[in-house]
Structures are given as C-alpha cells and as structure tokens.
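What's in protein_21.tsv: TSV, C-alpha atoms
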chain	number	residue	atom	x	y	z
O	962	MET	CA	28.30	126.91	201.68
O	963	LYS	CA	25.00	125.17	202.41
O	964	HIS	CA	23.73	124.45	205.88
O	965	LYS	CA	23.79	120.73	206.65
O	966	LEU	CA	20.68	120.49	208.82
O	967	GLY	CA	17.77	122.81	209.40
O	968	ILE	CA	14.67	122.52	211.57
O	969	LEU	CA	11.38	124.05	210.44
O	970	LEU	CA	8.67	124.87	212.99
O	971	ALA	CA	5.36	126.66	212.54
O	972	ALA	CA	2.60	128.06	214.74
O	973	THR	CA	0.04	130.82	214.92
O	974	LYS	CA	0.81	133.76	217.22
O	975	ASN	CA	-1.43	132.47	220.01
O	976	SER	CA	0.70	129.30	220.12
O	977	SER	CA	4.12	130.95	220.20
O	978	PHE	CA	4.77	129.35	223.60
O	979	THR	CA	4.80	125.93	221.92
O	980	ILE	CA	7.63	126.97	219.62
O	981	GLY	CA	9.67	128.38	222.49
O	982	THR	CA	9.22	125.16	224.45
O	983	LEU	CA	10.13	123.03	221.44
O	984	LEU	CA	13.25	125.09	220.77
O	985	ILE	CA	14.39	124.49	224.36
O	986	ASN	CA	13.77	120.77	223.85
O	987	ILE	CA	15.67	120.64	220.54
O	988	MET	CA	18.61	122.60	221.90
O	989	ASP	CA	18.78	120.25	224.88
O	990	VAL	CA	18.89	116.97	222.95
O	991	MET	CA	20.54	117.93	219.64
O	992	GLY	CA	21.43	121.61	219.64
O	993	GLU	CA	24.96	121.02	218.39
O	994	LYS	CA	23.63	119.19	215.32
O	995	VAL	CA	21.34	121.94	214.03
O	996	ASP	CA	22.68	124.71	211.80
O	997	VAL	CA	19.57	126.79	211.19
O	998	PHE	CA	16.01	127.15	212.47
O	999	TYR	CA	13.18	128.30	210.20
O	1000	ILE	CA	10.21	129.63	212.18
O	1001	LEU	CA	6.95	130.19	210.27
O	1002	HIS	CA	4.47	132.42	212.10
O	1003	ASP	CA	1.56	134.80	211.58
O	1004	GLY	CA	2.60	137.57	213.94
O	1005	PHE	CA	4.95	136.59	216.76
O	1006	SER	CA	5.79	139.63	218.87
O	1007	LEU	CA	9.32	141.02	218.82
O	1008	ASN	CA	9.61	139.98	222.45
O	1009	ASP	CA	8.75	136.38	221.56
O	1010	GLN	CA	11.25	136.44	218.71
O	1011	ASN	CA	13.98	137.83	220.97
O	1012	ILE	CA	13.32	135.11	223.55
O	1013	MET	CA	13.56	132.43	220.86
O	1014	GLN	CA	16.81	133.94	219.59
O	1015	LYS	CA	18.23	133.69	223.12
O	1016	ILE	CA	17.09	130.07	223.40
O	1017	VAL	CA	19.03	128.99	220.30
O	1018	LYS	CA	22.08	131.05	221.37
O	1019	ASN	CA	24.51	131.43	218.47
O	1020	LYS	CA	22.47	129.35	216.03
O	1021	THR	CA	20.93	130.97	212.98
O	1022	ILE	CA	17.19	131.48	213.38
O	1023	LYS	CA	14.99	132.92	210.65
O	1024	PHE	CA	11.48	134.21	211.32
O	1025	ILE	CA	9.32	133.96	208.21
O	1026	PRO	CA	5.83	135.51	208.15
O	1027	PHE	CA	3.11	133.11	206.99
O	1028	THR	CA	-0.21	134.82	207.52
O	1029	GLN	CA	-3.57	133.65	206.24
O	1030	GLU	CA	-3.48	136.65	203.90
O	1031	ASP	CA	-0.13	135.44	202.50
O	1032	PHE	CA	-1.59	131.96	202.10
O	1033	LEU	CA	-4.67	133.23	200.26
O	1034	ALA	CA	-2.57	135.45	198.01
O	1035	THR	CA	-0.47	132.46	196.95
O	1036	LEU	CA	-3.70	130.63	196.13
O	1037	SER	CA	-5.20	133.65	194.35
O	1038	LYS	CA	-8.22	133.25	196.62
O	1039	ASN	CA	-10.08	135.51	199.02
O	1040	GLN	CA	-11.55	134.89	202.46
O	1041	ASN	CA	-15.01	134.13	201.07
O	1042	ASP	CA	-13.58	131.21	199.09
O	1043	ILE	CA	-12.47	129.38	202.23
O	1044	ASP	CA	-14.86	130.53	204.96
O	1045	ASN	CA	-16.74	127.24	205.12
O	1046	LEU	CA	-13.83	124.85	204.76
O	1047	PHE	CA	-13.82	122.38	207.65
O	1048	PHE	CA	-10.10	121.72	207.19
O	1049	LEU	CA	-9.11	125.32	207.95
O	1050	LYS	CA	-11.54	125.59	210.84
O	1051	ARG	CA	-9.95	122.49	212.37
O	1052	TRP	CA	-6.28	123.03	211.53
O	1053	THR	CA	-5.85	126.63	210.21
O	1054	HIS	CA	-3.75	127.66	207.21
O	1055	MET	CA	-0.61	126.86	209.24
O	1056	ALA	CA	-1.04	123.19	208.27
O	1057	PHE	CA	0.50	124.15	204.94
O	1058	ALA	CA	3.46	126.05	206.42
O	1059	ARG	CA	5.50	122.83	206.40
O	1060	PHE	CA	5.72	123.04	202.61
O	1061	GLU	CA	7.63	126.31	202.85
O	1062	ALA	CA	10.63	124.01	203.38
O	1063	PHE	CA	10.80	123.60	199.61
O	1064	LYS	CA	11.88	127.25	199.39
O	1065	PHE	CA	14.89	126.76	201.65
O	1066	LEU	CA	16.49	123.70	200.04
O	1067	ASP	CA	18.72	125.97	197.98
O	1068	GLU	CA	20.53	126.91	201.20
O	1069	CYS	CA	20.12	123.76	203.33
O	1070	GLU	CA	20.84	120.12	202.49
O	1071	SER	CA	18.27	118.58	204.85
O	1072	ILE	CA	15.31	120.19	206.61
O	1073	ILE	CA	13.26	118.42	209.27
O	1074	TYR	CA	9.75	119.74	209.83
O	1075	LEU	CA	8.23	119.04	213.25
O	1076	ASP	CA	4.65	119.61	214.37
O	1077	PHE	CA	4.40	121.95	217.35
O	1078	ASP	CA	2.93	119.23	219.60
O	1079	VAL	CA	5.95	116.92	219.71
O	1080	LEU	CA	8.59	116.18	222.33
O	1081	LEU	CA	12.03	114.91	221.36
O	1082	LEU	CA	13.27	112.17	223.67
O	1083	LYS	CA	16.64	111.99	221.96
O	1084	SER	CA	18.49	113.44	218.99
O	1085	ILE	CA	16.98	112.79	215.58
O	1086	ASP	CA	19.95	114.07	213.59
O	1087	GLU	CA	20.26	110.63	211.98
O	1088	LEU	CA	17.37	111.66	209.74
O	1089	SER	CA	19.76	113.95	207.87
O	1090	LYS	CA	21.60	110.80	206.76
O	1091	LEU	CA	18.66	109.89	204.54
O	1092	ARG	CA	20.21	112.26	202.02
O	1093	ALA	CA	23.30	110.06	201.68
O	1094	ARG	CA	20.96	107.12	201.02
O	1095	LYS	CA	19.34	109.04	198.16
O	1096	TYR	CA	15.94	109.55	199.78
O	1097	HIS	CA	14.02	112.63	198.70
O	1098	PHE	CA	11.80	112.62	201.79
O	1099	GLY	CA	11.25	110.93	205.12
O	1100	ALA	CA	7.69	110.46	206.42
O	1101	ARG	CA	5.61	107.86	208.21
O	1102	LEU	CA	3.43	105.77	205.89
O	1103	GLY	CA	-0.03	105.57	207.43
O	1104	LYS	CA	-2.93	103.19	206.86
O	1105	THR	CA	-5.39	105.68	205.35
O	1106	LEU	CA	-5.90	105.36	201.61
O	1107	LEU	CA	-5.63	108.35	199.30
O	1108	GLN	CA	-9.27	107.90	198.26
O	1109	THR	CA	-10.22	108.63	201.88
O	1110	ALA	CA	-7.92	111.63	202.27
O	1111	LEU	CA	-8.82	113.10	198.87
O	1112	PRO	CA	-12.25	111.67	197.93
O	1113	LEU	CA	-12.41	113.59	194.64
O	1114	GLU	CA	-8.98	112.43	193.46
O	1115	LYS	CA	-9.00	109.50	191.01
O	1116	ASN	CA	-5.25	108.92	190.63
O	1117	HIS	CA	-3.43	106.60	193.07
O	1118	SER	CA	-6.66	106.20	195.05
O	1119	ASN	CA	-5.67	102.84	196.56
O	1120	LYS	CA	-2.24	103.94	197.74
O	1121	ARG	CA	-1.59	104.76	201.38
O	1122	VAL	CA	-1.15	108.29	202.67
O	1123	TYR	CA	2.07	109.60	204.20
O	1124	GLN	CA	1.61	111.39	207.51
O	1125	THR	CA	3.10	114.87	207.64
O	1126	GLY	CA	3.59	115.55	211.35
O	1127	ILE	CA	7.30	114.87	210.94
O	1128	LEU	CA	8.75	115.40	207.47
O	1129	VAL	CA	12.29	115.24	206.17
O	1130	PHE	CA	13.06	117.27	203.04
O	1131	ASN	CA	16.35	116.68	201.20
O	1132	ASP	CA	17.89	118.86	198.51
O	1133	LEU	CA	18.08	115.85	196.18
O	1134	ILE	CA	14.54	116.74	195.11
O	1135	PRO	CA	15.07	117.76	191.46
O	1136	ASN	CA	12.77	120.79	191.41
O	1137	PRO	CA	11.70	121.83	194.92
O	1138	LEU	CA	9.82	124.92	193.76
O	1139	GLN	CA	7.86	122.85	191.25
O	1140	CYS	CA	6.78	120.63	194.15
O	1141	TYR	CA	5.66	123.72	196.02
O	1142	GLN	CA	3.74	124.89	192.98
O	1143	PHE	CA	2.12	121.46	192.56
O	1144	ILE	CA	0.69	121.68	196.07
O	1145	TYR	CA	-0.65	125.20	195.64
O	1146	ASN	CA	-2.02	124.51	192.17
O	1147	TYR	CA	-3.91	121.55	193.58
O	1148	LEU	CA	-5.24	123.62	196.48
O	1149	SER	CA	-6.33	126.39	194.14
O	1150	GLN	CA	-8.10	124.05	191.73
O	1151	ASN	CA	-9.68	121.76	194.32
O	1152	THR	CA	-11.04	124.03	197.04
O	1153	LYS	CA	-13.37	121.32	198.39
O	1154	ASN	CA	-10.67	118.65	198.45
O	1155	TRP	CA	-8.10	119.94	200.93
O	1156	GLN	CA	-5.98	117.72	203.15
O	1157	ASP	CA	-2.27	118.38	203.55
O	1158	GLN	CA	-1.28	114.73	203.98
O	1159	GLY	CA	-3.28	113.66	200.96
O	1160	ILE	CA	-1.89	116.38	198.70
O	1161	PHE	CA	1.68	115.66	199.82
O	1162	SER	CA	1.19	111.95	199.14
O	1163	LEU	CA	-0.31	112.64	195.72
O	1164	MET	CA	2.72	114.77	194.86
O	1165	VAL	CA	5.03	111.94	195.96
O	1166	TYR	CA	3.24	109.34	193.85
O	1167	GLU	CA	2.91	111.58	190.81
O	1168	ASN	CA	6.67	112.27	190.83
O	1169	HIS	CA	7.86	108.80	191.91
O	1170	PHE	CA	9.86	110.28	194.78
O	1171	LYS	CA	11.82	108.01	197.09
O	1172	VAL	CA	10.43	108.25	200.63
O	1173	LYS	CA	11.81	106.61	203.76
O	1174	ASP	CA	9.01	105.24	205.95
O	1175	LEU	CA	9.77	106.61	209.43
O	1176	LYS	CA	7.37	104.16	211.11
O	1177	ASP	CA	6.54	104.41	214.82
O	1178	LYS	CA	9.99	105.46	216.05
O	1179	TYR	CA	9.33	109.09	215.15
O	1180	THR	CA	5.63	109.22	216.09
O	1181	GLY	CA	5.72	107.79	219.59
O	1182	SER	CA	2.62	107.56	221.74
O	1183	THR	CA	2.02	109.58	224.90
O	1184	HIS	CA	1.32	106.23	226.56
O	1185	TYR	CA	4.46	105.25	228.48
O	1186	LEU	CA	4.36	101.48	227.88
O	1187	THR	CA	3.59	101.91	224.18
O	1188	ASN	CA	6.53	104.27	223.95
O	1189	LEU	CA	8.85	101.67	225.44
O	1190	THR	CA	7.88	99.07	222.86
O	1191	GLN	CA	8.32	101.59	220.05
O	1192	ASN	CA	11.73	102.73	221.30
O	1193	ALA	CA	10.50	106.14	220.20
O	1194	SER	CA	12.68	109.16	219.56
O	1195	ILE	CA	9.68	111.51	219.44
O	1196	VAL	CA	6.41	111.66	221.36
O	1197	HIS	CA	3.62	113.15	219.26
O	1198	ALA	CA	0.76	114.41	221.41
O	1199	CYS	CA	-1.61	114.95	218.49
O	1200	GLY	CA	-5.35	115.51	218.80
O	1201	THR	CA	-7.46	118.57	219.60
O	1202	ASN	CA	-7.61	117.91	223.36
O	1203	SER	CA	-4.68	115.53	223.72
O	1204	ARG	CA	-1.73	117.89	223.62
O	1205	PHE	CA	0.76	118.46	226.40
O	1206	TRP	CA	-0.91	121.73	227.40
O	1207	ASN	CA	-4.62	120.88	227.14
O	1208	SER	CA	-5.13	117.18	227.79
O	1209	LYS	CA	-7.20	115.85	230.69
O	1210	PHE	CA	-3.98	115.10	232.59
O	1211	CYS	CA	-2.74	118.72	232.65
O	1212	ASN	CA	-4.43	119.71	235.90
O	1213	GLN	CA	-3.98	116.42	237.72
O	1214	THR	CA	-1.46	116.17	240.54
Please render this file's structure as structure tokens.
Amino acid sequence: MKHKLGILLAATKNSSFTIGTLLINIMDVMGEKVDVFYILHDGFSLNDQNIMQKIVKNKTIKFIPFTQEDFLATLSKNQNDIDNLFFLKRWTHMAFARFEAFKFLDECESIIYLDFDVLLLKSIDELSKLRARKYHFGARLGKTLLQTALPLEKNHSNKRVYQTGILVFNDLIPNPLQCYQFIYNYLSQNTKNWQDQGIFSLMVYENHFKVKDLKDKYTGSTHYLTNLTQNASIVHACGTNSRFWNSKFCNQT
C-alpha cells in the first residue's frame, strides 16, 4: 500500500536546527495529513535524528544521506570539477536534494518538497489533490526566462522558469527515474550551466509535463501586509541574509 502524502526536507548538517523547527511547524498545522517524512542530510548526528523522530511521534521518518561525495559520484565528477562553480558556493549541493523525490514515488502518491526557510501558516495538504486533477507537478511559475537561468541552453529559451522552493511531485509522472537521470545527465554534461530551477523547467518543457502554477499563495512574503493580500499558506523567507534566523530583525526587541 502506497503512502498518500509525503514531505521531503533537506539541509546540511550545520542547518539541522531548521529541519527540526520545520517539523514542529508541519506537525502543528497538518501533522495528521502526512504519512511519511523524507529527510535528506549530509551528516545529521544521531541525537538530531532522535529528536526529529520524537517530533513526528508515530509518523514514518526516513533519514537519507546526501553528501557532496554522493552528489559528485552520481555526476561522475570529482571535487576539482566543481571547485569554482558559483552556484555551489552560493547554494551548496543540497539544492539538488529536492530531486531525490523522484526515487520515492514508487512508495508515495504525492510528495511535497519544502525549502528549509519556510513557515507554514496553515495546512497545505490540498496540494496532494493535484494528483486527482492529473497534474504531474505543482510549482510557482516565475518571471525569469529560461535563457537567463540557463544561458547556454537553446531550447525553450523564451519560456518562463518554474521556481523550486516548493515543489509537488505526483506518481502520475510516467518515468520518475528517467526524470532524475535527465537532471543529472544535464548537470554532468553542462558543468558551467547549473541552476536547479532552470534544469527542472527544461525537463518539464522537454517532456510536456502538466504543472499547476502555485502562484503567490505558497510563496508568501515575510512582509505582513503583503501576506494578507496574498492570503498565503506559506511564508518563504528566502535570501542569504533574510531568513528567520539571520535577518536584520532577529536581534531587535
């Protein structure tokens, strides 16, 4: 029997606190709706893992290693090949952990990936209903063109890029592992042309997948008034120095 709804989260070991906090948040607003948690990490301590297990109580939680060494092995690359890549210096290899969801669709009908810098204001379990409406994915359609995200890519260059901070994967995707391979083949062959959102969007357009545009409701602003107008379900505190734990407001009283 397949799980109905899974949540996939990912972080490096120095950001394990963000996953613990997010698990508390998810359990508070929609814990009864989630069947399984997939946690991608590069070395969470056993203590951290035990704490997270206690947070989700009787829910299934799976800890899946995703180290930079694992990532490079999948690419058939070594450290020297990627040392000077701005993308990895800015975001780390964990930006590609979201695509591990393709591997779990054989055991879960719908998987929602969430960036580690989000806050759920209410349940988002309605996203699992995209499956009944025959959507392969759910993602917010941004304004950036593919030619900007992937400057060396000639196909679909004038199409807009899907943002990947919140992604819904459904098991209606005909060949999930082929999608996974598409992404890693592209990464391997285009070392200077990396951008997770661009590569995901290219895969969508190449395969004519049906994607539900999640719009602003699932990428709410940290600005209170903007949030009200968006009727947001999720606040996304994205940006290097704009997150809940490191923004200029953190130490203000």
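The smallest atom-to-atom distance between Pro1135 of chain O and any of O:Ile980, O:Leu1066, O:Leu1088, O:Leu966, using only C-alpha atoms, is found for O:Leu1066.
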At most 10 Å is the cut-off: for each residue in segment 1120-1159 of chain O with any atom that close to an atom of segment 1057-1063 of chain O, write down the nearest atom pair and the distance in Å rounded to one decimal, counting all atoms listed in the file, chain first then increasing number, as a Markdown table.
| residue | atom | partner | partner_atom | distance |
| --- | --- | --- | --- | --- |
| O:Thr1125 | CA | O:Arg1059 | CA | 8.4 |
| O:Gly1126 | CA | O:Arg1059 | CA | 9.0 |
| O:Ile1127 | CA | O:Arg1059 | CA | 9.3 |
| O:Leu1128 | CA | O:Arg1059 | CA | 8.2 |
| O:Val1129 | CA | O:Ala1062 | CA | 9.4 |
| O:Phe1130 | CA | O:Ala1062 | CA | 7.2 |
| O:Asn1131 | CA | O:Phe1063 | CA | 9.0 |
| O:Asp1132 | CA | O:Phe1063 | CA | 8.6 |
| O:Ile1134 | CA | O:Phe1063 | CA | 9.0 |
| O:Asn1136 | CA | O:Phe1063 | CA | 8.9 |
| O:Pro1137 | CA | O:Phe1063 | CA | 5.1 |
| O:Leu1138 | CA | O:Phe1063 | CA | 6.1 |
| O:Gln1139 | CA | O:Phe1063 | CA | 8.9 |
| O:Cys1140 | CA | O:Phe1063 | CA | 7.4 |
| O:Tyr1141 | CA | O:Phe1063 | CA | 6.3 |
| O:Gln1142 | CA | O:Phe1063 | CA | 9.8 |
| O:Ile1144 | CA | O:Phe1060 | CA | 8.4 |
| O:Tyr1145 | CA | O:Phe1057 | CA | 9.4 |
| O:Gln1156 | CA | O:Phe1057 | CA | 9.3 |
| O:Asp1157 | CA | O:Phe1057 | CA | 6.5 |
| O:Gln1158 | CA | O:Phe1057 | CA | 9.6 |
Practice problem: Determine, counting all atoms listed in the file, which protein, DNA and RNA residues have an atom within 12 Å of an atom of segment 971-975 of chain O; residues of the same chain fewer than 4 positions away are not included. Present the result as a PyMOL selection string. | Solution: chain O and resi 979-981+983-984+998-1010+1023-1029+1052-1062+1073-1078+1126
Exercise. Have a look at atom CA of Ala1110 of chain O and atom CA of Ser1149 of chain O and let me know their distance in Å, one decimal.
Key: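 So the two atoms, atom CA of Ala1110 of chain O and atom CA of Ser1149 of chain O, lie 16.9 Å apart.
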Counting only C-alpha atoms, find the residues whose atoms lie at most 10 Å from (8.3, 116.6, 222.0) (file coordinates) and write them out as a PDB file with C-alpha atoms, keeping the file's coordinate frame.
ATOM      1  CA  THR O 979       4.800 125.930 221.920  1.00  0.00           C
ATOM      2  CA  THR O 982       9.220 125.160 224.450  1.00  0.00           C
ATOM      3  CA  LEU O 983      10.130 123.030 221.440  1.00  0.00           C
ATOM      4  CA  LEU O 984      13.250 125.090 220.770  1.00  0.00           C
ATOM      5  CA  ASN O 986      13.770 120.770 223.850  1.00  0.00           C
ATOM      6  CA  ILE O 987      15.670 120.640 220.540  1.00  0.00           C
ATOM      7  CA  LEU O1075       8.230 119.040 213.250  1.00  0.00           C
ATOM      8  CA  ASP O1076       4.650 119.610 214.370  1.00  0.00           C
ATOM      9  CA  PHE O1077       4.400 121.950 217.350  1.00  0.00           C
ATOM     10  CA  ASP O1078       2.930 119.230 219.600  1.00  0.00           C
ATOM     11  CA  VAL O1079       5.950 116.920 219.710  1.00  0.00           C
ATOM     12  CA  LEU O1080       8.590 116.180 222.330  1.00  0.00           C
ATOM     13  CA  LEU O1081      12.030 114.910 221.360  1.00  0.00           C
ATOM     14  CA  LEU O1082      13.270 112.170 223.670  1.00  0.00           C
ATOM     15  CA  LYS O1083      16.640 111.990 221.960  1.00  0.00           C
ATOM     16  CA  THR O1180       5.630 109.220 216.090  1.00  0.00           C
ATOM     17  CA  GLY O1181       5.720 107.790 219.590  1.00  0.00           C
ATOM     18  CA  THR O1183       2.020 109.580 224.900  1.00  0.00           C
ATOM     19  CA  SER O1194      12.680 109.160 219.560  1.00  0.00           C
ATOM     20  CA  ILE O1195       9.680 111.510 219.440  1.00  0.00           C
ATOM     21  CA  VAL O1196       6.410 111.660 221.360  1.00  0.00           C
ATOM     22  CA  HIS O1197       3.620 113.150 219.260  1.00  0.00           C
ATOM     23  CA  ALA O1198       0.760 114.410 221.410  1.00  0.00           C
ATOM     24  CA  PHE O1205       0.760 118.460 226.400  1.00  0.00           C
TER      25      PHE O1205
END
